[in-house]
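Student: Following this line is protein16.csv, made up of CSV, C-alpha atoms:
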chain,number,residue,atom,x,y,z
I,1,MET,CA,0.0,0.0,0.0
I,2,LEU,CA,1.2,3.5,-0.8
I,3,ALA,CA,2.3,5.6,2.2
I,4,TRP,CA,3.9,8.8,3.1
I,5,GLU,CA,7.7,8.7,3.5
I,6,PRO,CA,8.8,10.5,6.6
I,7,ALA,CA,10.5,13.8,5.9
I,8,ALA,CA,13.2,13.0,8.5
I,9,VAL,CA,14.2,10.0,6.4
I,10,LEU,CA,14.4,12.1,3.3
I,11,CYS,CA,16.5,14.6,5.1
I,12,GLU,CA,19.0,12.0,6.2
I,13,ARG,CA,19.3,10.8,2.6
I,14,GLY,CA,20.1,14.3,1.5
I,15,VAL,CA,17.0,14.5,-0.6
I,16,LEU,CA,15.4,17.4,1.3
I,17,ASP,CA,16.9,20.4,3.0
I,18,SER,CA,13.8,21.0,5.1
I,19,ALA,CA,10.8,19.0,6.3
I,20,VAL,CA,8.4,18.9,3.2
I,21,MET,CA,5.9,16.3,2.0
I,22,VAL,CA,6.3,14.4,-1.3
I,23,CYS,CA,3.8,12.5,-3.3
I,24,PRO,CA,4.1,8.7,-2.6
I,25,SER,CA,3.2,8.0,-6.2
I,26,CYS,CA,5.3,10.3,-8.4
I,27,GLY,CA,7.8,11.5,-5.7
I,28,ARG,CA,7.2,15.2,-6.6
I,29,GLU,CA,7.4,17.7,-3.8
I,30,LEU,CA,4.0,18.9,-2.8
I,31,PRO,CA,3.6,22.7,-2.6
I,32,GLY,CA,0.9,22.4,0.1
I,33,GLU,CA,-1.9,20.2,1.6
I,34,PHE,CA,-4.0,18.9,-1.2
I,35,PRO,CA,-6.6,16.0,-1.4
I,36,PHE,CA,-5.0,15.0,-4.7
I,37,CYS,CA,-1.4,15.3,-6.0
I,38,PRO,CA,-1.3,18.3,-8.4
I,39,PHE,CA,1.2,16.5,-10.7
I,40,CYS,CA,-0.1,12.9,-11.0
I,41,GLY,CA,-3.6,13.2,-9.6
I,42,VAL,CA,-3.3,10.3,-7.0
I,43,ALA,CA,-5.8,10.6,-4.1
I,44,LEU,CA,-3.7,11.6,-1.1
I,45,THR,CA,-6.5,11.1,1.4
I,46,ALA,CA,-6.9,7.5,0.3
I,47,VAL,CA,-3.2,7.0,0.8
I,48,LEU,CA,-3.3,8.3,4.4
I,49,SER,CA,-6.4,6.4,5.4
I,50,GLY,CA,-5.8,3.3,7.5
I,51,PRO,CA,-7.6,0.0,7.6
I,52,VAL,CA,-11.4,0.0,8.2
I,53,GLN,CA,-12.2,-0.6,11.8
I,54,GLU,CA,-15.3,-2.6,12.5
I,55,GLU,CA,-16.8,-4.4,15.4
I,56,ARG,CA,-20.0,-6.3,16.3
I,57,LYS,CA,-22.4,-4.4,18.4
I,58,VAL,CA,-26.0,-4.7,19.6
I,59,VAL,CA,-27.8,-1.7,18.4
I,60,THR,CA,-31.4,-0.5,18.1
I,61,VAL,CA,-32.4,0.5,14.6
I,62,PHE,CA,-35.1,3.1,14.0
I,63,PHE,CA,-37.0,3.5,10.7
I,64,ALA,CA,-39.6,6.1,9.9
I,65,ASP,CA,-41.4,7.0,6.7
I,66,LEU,CA,-44.2,9.4,5.8
I,67,VAL,CA,-47.5,7.9,4.6
I,68,GLY,CA,-48.5,8.7,1.0
I,69,PHE,CA,-45.9,11.4,0.5
I,70,THR,CA,-44.5,9.8,-2.7
I,71,LYS,CA,-47.8,10.1,-4.4
I,72,ARG,CA,-48.3,13.6,-3.1
I,73,ALA,CA,-44.9,14.8,-4.2
I,74,GLU,CA,-45.4,13.5,-7.7
I,75,THR,CA,-47.6,16.6,-8.5
I,76,MET,CA,-45.6,19.1,-6.5
I,77,ASP,CA,-42.8,21.5,-7.4
I,78,PRO,CA,-39.4,20.4,-6.1
I,79,GLU,CA,-39.1,23.6,-4.0
I,80,ASP,CA,-42.5,22.8,-2.4
I,81,VAL,CA,-41.3,19.3,-1.6
I,82,ARG,CA,-38.2,20.7,0.0
I,83,ALA,CA,-40.3,23.3,2.0
I,84,ILE,CA,-42.2,20.4,3.5
I,85,LEU,CA,-39.4,18.0,4.1
I,86,SER,CA,-36.9,20.5,5.6
I,87,PRO,CA,-38.8,21.2,8.8
I,88,TYR,CA,-39.8,17.5,9.0
I,89,HIS,CA,-36.1,16.4,8.8
I,90,ASN,CA,-35.0,19.0,11.3
I,91,ARG,CA,-37.6,18.0,13.8
I,92,LEU,CA,-36.9,14.3,13.5
I,93,ARG,CA,-33.2,14.8,13.8
I,94,ALA,CA,-33.7,17.0,16.9
I,95,GLU,CA,-35.9,14.4,18.6
I,96,LEU,CA,-33.6,11.5,17.8
I,97,GLU,CA,-30.5,13.2,18.9
I,98,ARG,CA,-32.3,14.5,22.1
I,99,PHE,CA,-32.7,10.8,23.1
I,100,GLY,CA,-29.1,9.9,22.2
I,101,GLY,CA,-29.7,8.5,18.7
I,102,THR,CA,-27.6,9.0,15.6
I,103,VAL,CA,-29.2,9.8,12.3
I,104,GLU,CA,-27.5,7.6,9.7
I,105,LYS,CA,-29.4,8.8,6.6
I,106,PHE,CA,-32.4,10.6,5.1
I,107,ILE,CA,-33.8,9.0,2.0
I,108,GLY,CA,-36.5,11.3,0.7
I,109,ASP,CA,-39.2,11.3,3.4
I,110,ALA,CA,-37.7,8.2,5.1
I,111,VAL,CA,-35.2,8.4,8.0
I,112,MET,CA,-32.9,5.7,9.5
I,113,ALA,CA,-31.3,6.2,12.9
I,114,LEU,CA,-29.2,4.1,15.3
I,115,PHE,CA,-29.3,3.9,19.1
I,116,GLY,CA,-26.1,2.2,20.4
I,117,ALA,CA,-23.7,3.2,17.6
I,118,PRO,CA,-21.3,4.9,17.6
I,119,VAL,CA,-22.1,5.7,21.3
I,120,ALA,CA,-23.8,2.9,23.4
I,121,HIS,CA,-26.1,3.4,26.4
I,122,GLU,CA,-27.5,1.0,28.9
I,123,ASP,CA,-31.1,1.8,27.7
I,124,ASP,CA,-30.8,2.3,24.0
I,125,PRO,CA,-34.0,0.3,23.1
I,126,GLU,CA,-36.0,2.5,25.6
I,127,ARG,CA,-34.5,5.6,24.2
I,128,ALA,CA,-35.5,4.6,20.6
I,129,VAL,CA,-39.1,3.9,21.6
I,130,ARG,CA,-39.4,7.1,23.6
I,131,ALA,CA,-38.0,9.0,20.6
I,132,ALA,CA,-40.6,7.3,18.4
I,133,LEU,CA,-43.4,8.3,20.7
I,134,ALA,CA,-42.2,11.9,20.8
I,135,ILE,CA,-42.1,11.9,17.0
I,136,ARG,CA,-45.6,10.4,16.8
I,137,LEU,CA,-46.9,13.2,19.0
I,138,TYR,CA,-45.3,15.8,16.8
I,139,ALA,CA,-46.8,14.1,13.7
I,140,ARG,CA,-50.3,14.2,15.3
I,141,GLU,CA,-49.9,17.9,16.3
I,142,GLU,CA,-48.8,18.8,12.7
I,143,GLY,CA,-51.4,16.6,11.0
I,144,ILE,CA,-48.7,14.4,9.5
I,145,GLU,CA,-49.1,10.7,9.0
I,146,LEU,CA,-46.1,8.3,9.3
I,147,ARG,CA,-45.1,4.8,10.2
I,148,ILE,CA,-42.2,3.7,12.5
I,149,GLY,CA,-40.4,0.4,12.9
I,150,ILE,CA,-37.9,-0.4,15.6
I,151,THR,CA,-35.7,-3.5,16.0
I,152,THR,CA,-32.8,-4.5,18.2
I,153,GLY,CA,-30.0,-6.9,17.4
I,154,GLU,CA,-26.4,-7.5,16.5
I,155,THR,CA,-24.9,-5.6,13.6
I,156,LEU,CA,-21.5,-4.9,12.2
I,157,VAL,CA,-20.6,-1.3,13.0
I,158,ARG,CA,-18.0,0.6,11.1
I,159,LEU,CA,-16.3,2.7,13.7
I,160,SER,CA,-14.7,5.2,11.3
I,161,ALA,CA,-17.9,5.9,9.4
I,162,ARG,CA,-19.1,9.5,9.0
I,163,PRO,CA,-22.9,9.4,8.9
I,164,GLU,CA,-23.1,13.2,8.3
I,165,GLN,CA,-21.4,12.4,4.9
I,166,GLY,CA,-23.8,9.6,4.1
I,167,GLU,CA,-21.5,6.7,5.0
I,168,THR,CA,-23.1,3.5,6.3
I,169,VAL,CA,-22.6,2.9,10.0
I,170,ALA,CA,-24.3,-0.4,10.6
I,171,THR,CA,-25.1,-3.5,8.5
I,172,GLY,CA,-27.0,-6.6,9.4
I,173,ASP,CA,-30.3,-8.3,9.2
I,174,VAL,CA,-31.7,-6.2,12.0
I,175,VAL,CA,-31.5,-3.1,9.7
I,176,ASN,CA,-33.6,-4.9,7.0
I,177,THR,CA,-36.1,-6.1,9.6
I,178,ALA,CA,-36.6,-2.6,10.9
I,179,ALA,CA,-37.5,-1.4,7.4
I,180,ARG,CA,-40.0,-4.3,7.0
I,181,LEU,CA,-41.7,-3.4,10.3
I,182,GLN,CA,-41.9,0.2,9.4
I,183,ALA,CA,-43.8,-0.8,6.2
I,184,ALA,CA,-46.2,-3.0,8.1
I,185,ALA,CA,-46.9,-0.4,10.9
I,186,PRO,CA,-50.3,1.2,11.1
I,187,VAL,CA,-50.6,4.9,10.3
I,188,ASN,CA,-49.0,6.9,13.2
I,189,GLY,CA,-48.1,3.6,14.7
I,190,VAL,CA,-44.9,2.3,16.2
I,191,LEU,CA,-44.0,-1.4,15.8
I,192,VAL,CA,-41.2,-3.1,17.6
I,193,ASP,CA,-39.7,-6.6,17.5
I,194,GLU,CA,-39.5,-9.1,20.4
I,195,THR,CA,-36.0,-8.1,21.5
I,196,THR,CA,-37.0,-4.4,21.8
I,197,TYR,CA,-40.2,-5.3,23.5
I,198,ARG,CA,-38.5,-7.4,26.1
I,199,ALA,CA,-36.0,-4.7,26.9
I,200,THR,CA,-38.6,-1.9,27.2
I,201,ARG,CA,-41.9,-3.6,28.5
I,202,HIS,CA,-41.2,-2.3,32.0
I,203,ALA,CA,-41.3,1.3,30.8
I,204,ILE,CA,-43.6,1.3,27.8
I,205,ASP,CA,-47.2,0.1,27.4
I,206,TYR,CA,-47.7,-2.2,24.4
I,207,ARG,CA,-50.5,-3.9,22.5
I,208,VAL,CA,-50.0,-7.3,21.0
I,209,VAL,CA,-50.7,-7.3,17.2
I,210,GLU,CA,-50.6,-9.9,14.5
I,211,ALA,CA,-47.2,-11.2,13.5
I,212,VAL,CA,-45.8,-9.6,10.3
I,213,ASP,CA,-45.0,-11.6,7.2
I,214,ALA,CA,-41.9,-9.7,6.4
I,215,LYS,CA,-40.4,-10.0,2.9
I,216,GLY,CA,-37.4,-12.3,2.8
I,217,LYS,CA,-38.1,-13.8,6.3
I,218,ALA,CA,-38.7,-17.5,6.6
I,219,ASP,CA,-41.1,-17.1,9.6
I,220,PRO,CA,-43.5,-14.3,10.6
I,221,VAL,CA,-41.9,-11.7,12.8
I,222,SER,CA,-43.6,-11.2,16.2
I,223,VAL,CA,-44.3,-7.6,16.8
I,224,TRP,CA,-45.9,-5.3,19.4
I,225,GLU,CA,-47.3,-1.8,19.0
I,226,ALA,CA,-46.0,0.8,21.4
I,227,LEU,CA,-48.9,2.8,22.9
I,228,GLU,CA,-47.3,5.2,25.5
I,229,ALA,CA,-44.6,5.5,28.1
I,230,ARG,CA,-45.7,4.5,31.5
I,231,ALA,CA,-45.7,7.3,34.1
I,232,ARG,CA,-44.3,4.9,36.7
I,233,PHE,CA,-41.2,6.7,37.9
I,234,GLY,CA,-41.7,8.0,41.4
I,235,VAL,CA,-44.0,5.1,42.3
I,236,ASP,CA,-42.4,1.7,41.7
I,237,VAL,CA,-39.0,0.3,42.4
I,238,SER,CA,-38.1,-1.6,39.3
I,239,HIS,CA,-35.9,-4.4,40.5
I,240,HIS,CA,-36.2,-8.2,40.7
I,241,ALA,CA,-33.9,-9.8,43.2
I,242,ARG,CA,-33.0,-13.3,42.0
I,243,ALA,CA,-30.3,-14.0,44.6
I,244,GLU,CA,-29.7,-13.3,48.2
I,245,LEU,CA,-27.8,-10.1,49.0
I,246,VAL,CA,-24.4,-10.9,50.4
I,247,GLY,CA,-21.7,-8.6,51.8
I,248,ARG,CA,-23.6,-5.4,52.0
I,249,GLU,CA,-24.5,-5.3,55.7
I,250,ARG,CA,-22.6,-2.0,56.3
I,251,GLU,CA,-24.2,-0.2,53.3
I,252,LEU,CA,-27.7,-1.4,54.4
I,253,SER,CA,-27.0,-0.2,57.9
I,254,VAL,CA,-26.1,3.3,56.6
I,255,LEU,CA,-29.3,3.4,54.6
I,256,GLY,CA,-31.4,2.2,57.6
I,257,ASP,CA,-29.8,4.8,59.9
I,258,ALA,CA,-30.6,7.6,57.5
I,259,LEU,CA,-34.2,6.4,57.2
I,260,ASP,CA,-34.6,6.4,61.0
I,261,ARG,CA,-33.1,9.9,61.3
I,262,ALA,CA,-35.5,11.2,58.6
I,263,ARG,CA,-38.5,9.6,60.3
I,264,HIS,CA,-37.8,10.5,64.0
I,265,GLY,CA,-35.8,13.7,63.6
I,266,ARG,CA,-38.0,15.1,60.8
I,267,ILE,CA,-34.8,16.1,59.0
I,268,PRO,CA,-34.1,15.3,55.3
I,269,GLN,CA,-31.3,13.0,54.7
I,270,LEU,CA,-29.0,12.7,51.6
I,271,VAL,CA,-27.2,9.5,50.9
I,272,THR,CA,-25.1,9.1,47.7
I,273,LEU,CA,-24.3,5.7,46.3
I,274,VAL,CA,-21.3,5.8,44.0
I,275,ALA,CA,-20.0,2.7,42.2
I,276,VAL,CA,-19.2,1.3,38.8
I,277,PRO,CA,-22.1,-0.3,36.9
I,278,GLY,CA,-23.2,-3.7,38.2
I,279,MET,CA,-22.0,-3.2,41.8
I,280,GLY,CA,-25.5,-3.3,43.2
I,281,LYS,CA,-26.7,0.4,43.7
I,282,SER,CA,-30.2,-0.4,42.5
I,283,ARG,CA,-30.3,-3.5,44.6
I,284,LEU,CA,-29.5,-1.4,47.8
I,285,VAL,CA,-32.4,0.9,47.0
I,286,TYR,CA,-34.6,-2.1,46.5
I,287,GLU,CA,-33.6,-3.5,49.9
I,288,LEU,CA,-34.4,-0.2,51.5
I,289,SER,CA,-37.8,-0.3,49.9
I,290,ARG,CA,-38.3,-3.8,51.4
I,291,ALA,CA,-37.4,-2.4,54.8
I,292,VAL,CA,-40.1,0.3,54.4
I,293,ASP,CA,-42.6,-2.4,53.4
I,294,ALA,CA,-41.9,-4.5,56.5
I,295,ASP,CA,-42.3,-1.5,58.8
I,296,ALA,CA,-45.5,-1.5,60.9
I,297,GLU,CA,-46.0,2.2,60.2
I,298,LEU,CA,-47.5,3.3,56.9
I,299,ILE,CA,-44.7,5.1,55.0
I,300,THR,CA,-45.2,6.8,51.6
I,301,TRP,CA,-42.5,5.9,49.1
I,302,ARG,CA,-41.7,8.1,46.2
I,303,GLN,CA,-38.7,8.0,43.8
I,304,GLY,CA,-37.4,9.7,40.7
I,305,ARG,CA,-34.6,9.2,38.4
I,306,CYS,CA,-32.2,11.6,36.6
I,307,LEU,CA,-32.4,11.1,32.9
I,308,ALA,CA,-29.2,10.8,30.9
I,309,TYR,CA,-30.7,12.4,27.8
I,310,GLY,CA,-32.8,15.3,26.8
I,311,ASP,CA,-32.9,19.0,27.8
I,312,GLY,CA,-34.3,20.6,30.9
I,313,VAL,CA,-33.8,17.6,33.1
I,314,ALA,CA,-31.9,19.2,36.0
I,315,PHE,CA,-34.9,18.7,38.4
I,316,TRP,CA,-36.4,15.7,36.6
I,317,ALA,CA,-36.0,13.4,39.7
I,318,LEU,CA,-37.8,15.9,41.9
I,319,ALA,CA,-40.5,16.4,39.3
I,320,GLU,CA,-41.2,12.7,39.1
I,321,VAL,CA,-41.6,12.6,42.9
I,322,VAL,CA,-44.1,15.4,42.8
I,323,LYS,CA,-45.9,13.9,39.8
I,324,ALA,CA,-46.3,10.6,41.6
I,325,GLN,CA,-47.5,12.2,44.9
I,326,ALA,CA,-50.0,14.4,43.1
I,327,GLY,CA,-51.1,11.6,40.7
I,328,ILE,CA,-50.1,13.6,37.5
I,329,LEU,CA,-50.0,11.5,34.3
I,330,ASP,CA,-48.0,12.2,31.2
I,331,ARG,CA,-51.1,12.8,29.2
I,332,ASP,CA,-52.5,15.5,31.6
I,333,SER,CA,-52.6,19.0,30.3
I,334,GLU,CA,-50.8,21.9,32.1
I,335,ALA,CA,-54.1,23.0,33.7
I,336,GLU,CA,-54.9,19.5,34.9
I,337,ALA,CA,-51.4,19.1,36.4
I,338,ALA,CA,-51.6,22.4,38.2
I,339,GLU,CA,-55.0,21.5,39.7
I,340,LYS,CA,-53.6,18.1,40.9
I,341,VAL,CA,-50.6,19.9,42.5
I,342,ARG,CA,-53.0,22.3,44.4
I,343,GLY,CA,-55.1,19.4,45.5
I,344,GLY,CA,-52.1,17.5,46.8
I,345,LEU,CA,-50.8,20.5,48.7
I,346,GLY,CA,-54.3,20.9,50.3
I,347,ARG,CA,-54.3,17.3,51.5
I,348,HIS,CA,-50.8,17.8,52.9
I,349,ARG,CA,-51.8,20.9,54.8
I,350,ARG,CA,-54.9,19.2,56.3
I,351,ARG,CA,-52.8,16.3,57.4
I,352,GLU,CA,-50.3,18.6,59.1
I,353,ARG,CA,-53.1,20.4,60.9
I,354,CYS,CA,-54.5,17.1,62.2
I,355,GLN,CA,-51.1,16.1,63.5
I,356,LEU,CA,-50.5,19.5,65.2
I,357,GLY,CA,-54.0,19.4,66.7
I,358,GLY,CA,-53.3,16.0,68.4
I,359,VAL,CA,-55.6,14.0,66.2
I,360,ALA,CA,-54.5,10.4,66.3
I,361,PRO,CA,-53.2,9.0,63.0
I,362,ALA,CA,-55.2,6.4,61.2
I,363,PRO,CA,-54.5,2.8,62.4
I,364,ALA,CA,-51.9,0.9,60.5
I,365,ARG,CA,-53.3,-1.1,57.6
I,366,ARG,CA,-52.5,-4.7,56.7
I,367,SER,CA,-49.4,-5.4,54.7
I,368,GLY,CA,-51.1,-5.7,51.4
I,369,GLU,CA,-53.1,-2.5,51.9
I,370,ARG,CA,-49.9,-0.7,53.0
I,371,ASP,CA,-48.1,-1.8,49.9
I,372,ARG,CA,-50.9,-0.7,47.6
I,373,ALA,CA,-51.0,2.7,49.3
I,374,ARG,CA,-47.3,3.1,49.0
I,375,ARG,CA,-47.2,2.2,45.3
I,376,ARG,CA,-50.3,3.9,44.0
I,377,PRO,CA,-50.3,7.6,43.3
I,378,PRO,CA,-53.2,9.5,44.9
I,379,ARG,CA,-56.2,10.0,42.8
Represent the structure of the file as structure tokens.
Tutor:
Amino acid sequence: MLAWEPAAVLCERGVLDSAVMVCPSCGRELPGEFPFCPFCGVALTAVLSGPVQEERKVVTVFFADLVGFTKRAETMDPEDVRAILSPYHNRLRAELERFGGTVEKFIGDAVMALFGAPVAHEDDPERAVRAALAIRLYAREEGIELRIGITTGETLVRLSARPEQGETVATGDVVNTAARLQAAAPVNGVLVDETTYRATRHAIDYRVVEAVDAKGKADPVSVWEALEARARFGVDVSHHARAELVGRERELSVLGDALDRARHGRIPQLVTLVAVPGMGKSRLVYELSRAVDADAELITWRQGRCLAYGDGVAFWALAEVVKAQAGILDRDSEAEAAEKVRGGLGRHRRRERCQLGGVAPAPARRSGERDRARRRPPR
């Protein structure tokens, strides 16, 4: 393979008096930095490029396409087509990138994006589905009809690819399947495959639909239609303990002591758990929730999480706690949410007045009732 010859070597041979670059093909001295040699025309960028770097990665592929736009564009002026597609492309790119996705290409009114390449996250399938639901909401508001298909699986990712220049990032059957699901999706619908469904069913509400006979597939593809994101954060502790917790007595003791101080001293407590992924931070929070469940006193549990994507998420965890306490749903309007917050504050003030007036608290309920009260947002 052709390569640059170091200038220092040429100087030692007496070829050059100063550090200059020469063409690796014709040997002529280059007057400056050019993509091509001005004497023989060889592509210098191709000479400098190294071997293609690729690796296998599990990614989530997103496909979206407008419904009936090809027929509509057939009778339109090209400038009118661009006027329609430009804001559409800009909005889709903004939503996909807001959730951490990478737009690989726009093909007319169709868009393909990747979640998990080149940058991977622990919740790429959920990010893709949430981005799809946000795009669907935008389409409904603008009177646009589209279809979306999402699949998750192993692909061959080209690490040096530049999607902004139209270079392909990922290849594999999962890409073809996503395109097939998009074609089979209902109008303003989001279809996902089984792998995506299993990875996101704890956070997204789905409806089972008939399997898709995808072109080129030997068997029908099982699919689910995404309906909406669950407003569950702040209410449930999403953890399933499959083994006994060992070697965390000290950490559990710290959490238990902080809980006791908060309850009896009426002073807020802050405990920070810091560890690399997989060390059991979520499990410790789950064990604390079990201690709350086992307590004879009725304790209200609320939780929130800090999102790793999006804008305006500095107080997201606090907002989730407030939403759960007030019973605010994602589909509630601003006026409805404000009314629920006022109602929640009113109930809190009445409860405080009862406590200050010496009114005895309600008797402790049975374990099952206590658990339901802890996990259900007020109505």
Student: Calculated over only C-alpha atoms, which of the candidates I:Ala43, I:Ala117, I:Leu345, I:Ile299 has the smallest distance to I:Ala326?
Tutor: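 Among the listed residues, the smallest separation from I:Ala326 belongs to I:Leu345.
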Student: Could you jot down the atom CA of I:Val174 to atom CA of I:Gly278 separation for me, Å, one decimal place?
Tutor: 27.7 Å
Student: I need the residue nearest I:Lys217 from this list: I:Asp205, I:Asp260, I:Glu287, I:Asp173. Use only C-alpha atoms for the distance.
Tutor: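 Answer, going by the shortest atom-to-atom distance: I:Asp173.
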Student: As an MDAnalysis selection string, please: the residues near I:Thr200 (cut-off 12 Å, all atoms listed in the file, same-chain neighbours under 6 positions excluded).
Tutor: chainID I and resid 60 122:130 150:152 192:194 206 224:226 228:230
Student: Mind pulling up the distance from atom CA of I:Leu255 to atom CA of I:Leu273?
Tutor: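 Result for atom CA of I:Leu273 versus atom CA of I:Leu255: 10.0 Å, one decimal.
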Student: Name the closest residue to I:Val246 among the candidates I:Leu284, I:Ala183, I:Ala134, I:Val169; distances are taken between atoms, counting only C-alpha atoms.
Tutor: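 Looking only at the distances to I:Val246, the closest residue turns out to be I:Leu284.
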Student: Do you know which residues are at most 10 Å from I:Phe69 counting only C-alpha atoms, after dropping those on the same chain fewer than 3 positions away, and could you put them as a ChimeraX atom specification?
Tutor: /I:65-66,72-74,81,85,108-110,144-146
Student: Atom CA of I:Lys323 and atom CA of I:Arg290, how far apart in Å?
Tutor: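 Between these atoms lies a distance of 22.5 Å.
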Student: Excluding I:Leu288 and any residue of its chain fewer than 5 positions from it, enumerate the residues within 9 Å of it, using all atoms listed in the file, and give them as a PyMOL selection string.
Tutor: chain I and resi 252+255-256+259+283+293
Student: My list of candidates is I:Cys40, I:Ile135, I:Val254, I:Val285. Which is closest to I:Asn188 when distances are computed with only C-alpha atoms?
Tutor: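 Among the listed residues, the smallest separation from I:Asn188 belongs to I:Ile135.
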Student: Contacts of I:Gly149 at 9 Å or less, counting all atoms listed in the file, minus same-chain residues fewer than 3 places along, as a list in words?
Tutor: Val61, Phe62, Phe63, Ala64, Ala132, Thr177, Ala178, Ala179, Arg180, Leu181, Gln182, Ala183, Ala184, Ala185, Gly189, Val190, Leu191, Val192 and Asp193 of chain I
Student: Include C-alpha atoms and write out the residues we just selected as a PDB file, keeping the file's coordinate frame.
Tutor:
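Contents of again.pdb, freshly written:
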ATOM      1  CA  VAL I  61     -32.400   0.500  14.600  1.00  0.00           C
ATOM      2  CA  PHE I  62     -35.100   3.100  14.000  1.00  0.00           C
ATOM      3  CA  PHE I  63     -37.000   3.500  10.700  1.00  0.00           C
ATOM      4  CA  ALA I  64     -39.600   6.100   9.900  1.00  0.00           C
ATOM      5  CA  ALA I 132     -40.600   7.300  18.400  1.00  0.00           C
ATOM      6  CA  THR I 177     -36.100  -6.100   9.600  1.00  0.00           C
ATOM      7  CA  ALA I 178     -36.600  -2.600  10.900  1.00  0.00           C
ATOM      8  CA  ALA I 179     -37.500  -1.400   7.400  1.00  0.00           C
ATOM      9  CA  ARG I 180     -40.000  -4.300   7.000  1.00  0.00           C
ATOM     10  CA  LEU I 181     -41.700  -3.400  10.300  1.00  0.00           C
ATOM     11  CA  GLN I 182     -41.900   0.200   9.400  1.00  0.00           C
ATOM     12  CA  ALA I 183     -43.800  -0.800   6.200  1.00  0.00           C
ATOM     13  CA  ALA I 184     -46.200  -3.000   8.100  1.00  0.00           C
ATOM     14  CA  ALA I 185     -46.900  -0.400  10.900  1.00  0.00           C
ATOM     15  CA  GLY I 189     -48.100   3.600  14.700  1.00  0.00           C
ATOM     16  CA  VAL I 190     -44.900   2.300  16.200  1.00  0.00           C
ATOM     17  CA  LEU I 191     -44.000  -1.400  15.800  1.00  0.00           C
ATOM     18  CA  VAL I 192     -41.200  -3.100  17.600  1.00  0.00           C
ATOM     19  CA  ASP I 193     -39.700  -6.600  17.500  1.00  0.00           C
TER      20      ASP I 193
END
Student: For I:Val67, which residue out of I:Ala139, I:Ala294, I:Ile328, I:Gly304 is the nearest one, using all atoms listed in the file?
Tutor: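 Smallest separation from I:Val67 among the options: I:Ala139.
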Student: Of the candidates I:Val103, I:Leu227, I:Ala214, I:Ala335, which shows the shortest atom-to-atom distance to I:Arg201, using all atoms listed in the file?
Tutor: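 Under the stated criterion, the closest residue is I:Leu227.
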Student: Where atoms are missing, can you supply N, CA and C atoms for stretch 315-327 of chain I and output the lot as a PDB file, keeping the file's coordinate frame?
Tutor:
ATOM      1  N   PHE I 315     -34.048  19.047  37.233  1.00  0.00           N
ATOM      2  CA  PHE I 315     -34.900  18.700  38.400  1.00  0.00           C
ATOM      3  C   PHE I 315     -35.891  17.583  38.002  1.00  0.00           C
ATOM      4  N   TRP I 316     -35.474  16.729  37.086  1.00  0.00           N
ATOM      5  CA  TRP I 316     -36.400  15.700  36.600  1.00  0.00           C
ATOM      6  C   TRP I 316     -36.732  14.710  37.765  1.00  0.00           C
ATOM      7  N   ALA I 317     -35.751  14.333  38.580  1.00  0.00           N
ATOM      8  CA  ALA I 317     -36.000  13.400  39.700  1.00  0.00           C
ATOM      9  C   ALA I 317     -37.038  13.988  40.642  1.00  0.00           C
ATOM     10  N   LEU I 318     -36.874  15.254  41.022  1.00  0.00           N
ATOM     11  CA  LEU I 318     -37.800  15.900  41.900  1.00  0.00           C
ATOM     12  C   LEU I 318     -39.205  16.007  41.253  1.00  0.00           C
ATOM     13  N   ALA I 319     -39.218  16.314  39.959  1.00  0.00           N
ATOM     14  CA  ALA I 319     -40.500  16.400  39.300  1.00  0.00           C
ATOM     15  C   ALA I 319     -41.233  15.086  39.248  1.00  0.00           C
ATOM     16  N   GLU I 320     -40.506  13.975  39.095  1.00  0.00           N
ATOM     17  CA  GLU I 320     -41.200  12.700  39.100  1.00  0.00           C
ATOM     18  C   GLU I 320     -41.749  12.358  40.472  1.00  0.00           C
ATOM     19  N   VAL I 321     -41.069  12.762  41.527  1.00  0.00           N
ATOM     20  CA  VAL I 321     -41.600  12.600  42.900  1.00  0.00           C
ATOM     21  C   VAL I 321     -42.892  13.348  43.062  1.00  0.00           C
ATOM     22  N   VAL I 322     -42.884  14.600  42.638  1.00  0.00           N
ATOM     23  CA  VAL I 322     -44.100  15.400  42.800  1.00  0.00           C
ATOM     24  C   VAL I 322     -45.218  14.891  41.921  1.00  0.00           C
ATOM     25  N   LYS I 323     -44.908  14.464  40.702  1.00  0.00           N
ATOM     26  CA  LYS I 323     -45.900  13.900  39.800  1.00  0.00           C
ATOM     27  C   LYS I 323     -46.575  12.664  40.426  1.00  0.00           C
ATOM     28  N   ALA I 324     -45.753  11.811  41.016  1.00  0.00           N
ATOM     29  CA  ALA I 324     -46.300  10.600  41.600  1.00  0.00           C
ATOM     30  C   ALA I 324     -47.156  10.909  42.827  1.00  0.00           C
ATOM     31  N   GLN I 325     -46.705  11.843  43.652  1.00  0.00           N
ATOM     32  CA  GLN I 325     -47.500  12.200  44.900  1.00  0.00           C
ATOM     33  C   GLN I 325     -48.796  12.843  44.506  1.00  0.00           C
ATOM     34  N   ALA I 326     -48.813  13.672  43.461  1.00  0.00           N
ATOM     35  CA  ALA I 326     -50.000  14.400  43.100  1.00  0.00           C
ATOM     36  C   ALA I 326     -50.885  13.558  42.091  1.00  0.00           C
ATOM     37  N   GLY I 327     -50.362  12.425  41.602  1.00  0.00           N
ATOM     38  CA  GLY I 327     -51.100  11.600  40.700  1.00  0.00           C
ATOM     39  C   GLY I 327     -51.172  12.195  39.257  1.00  0.00           C
TER      40      GLY I 327
END
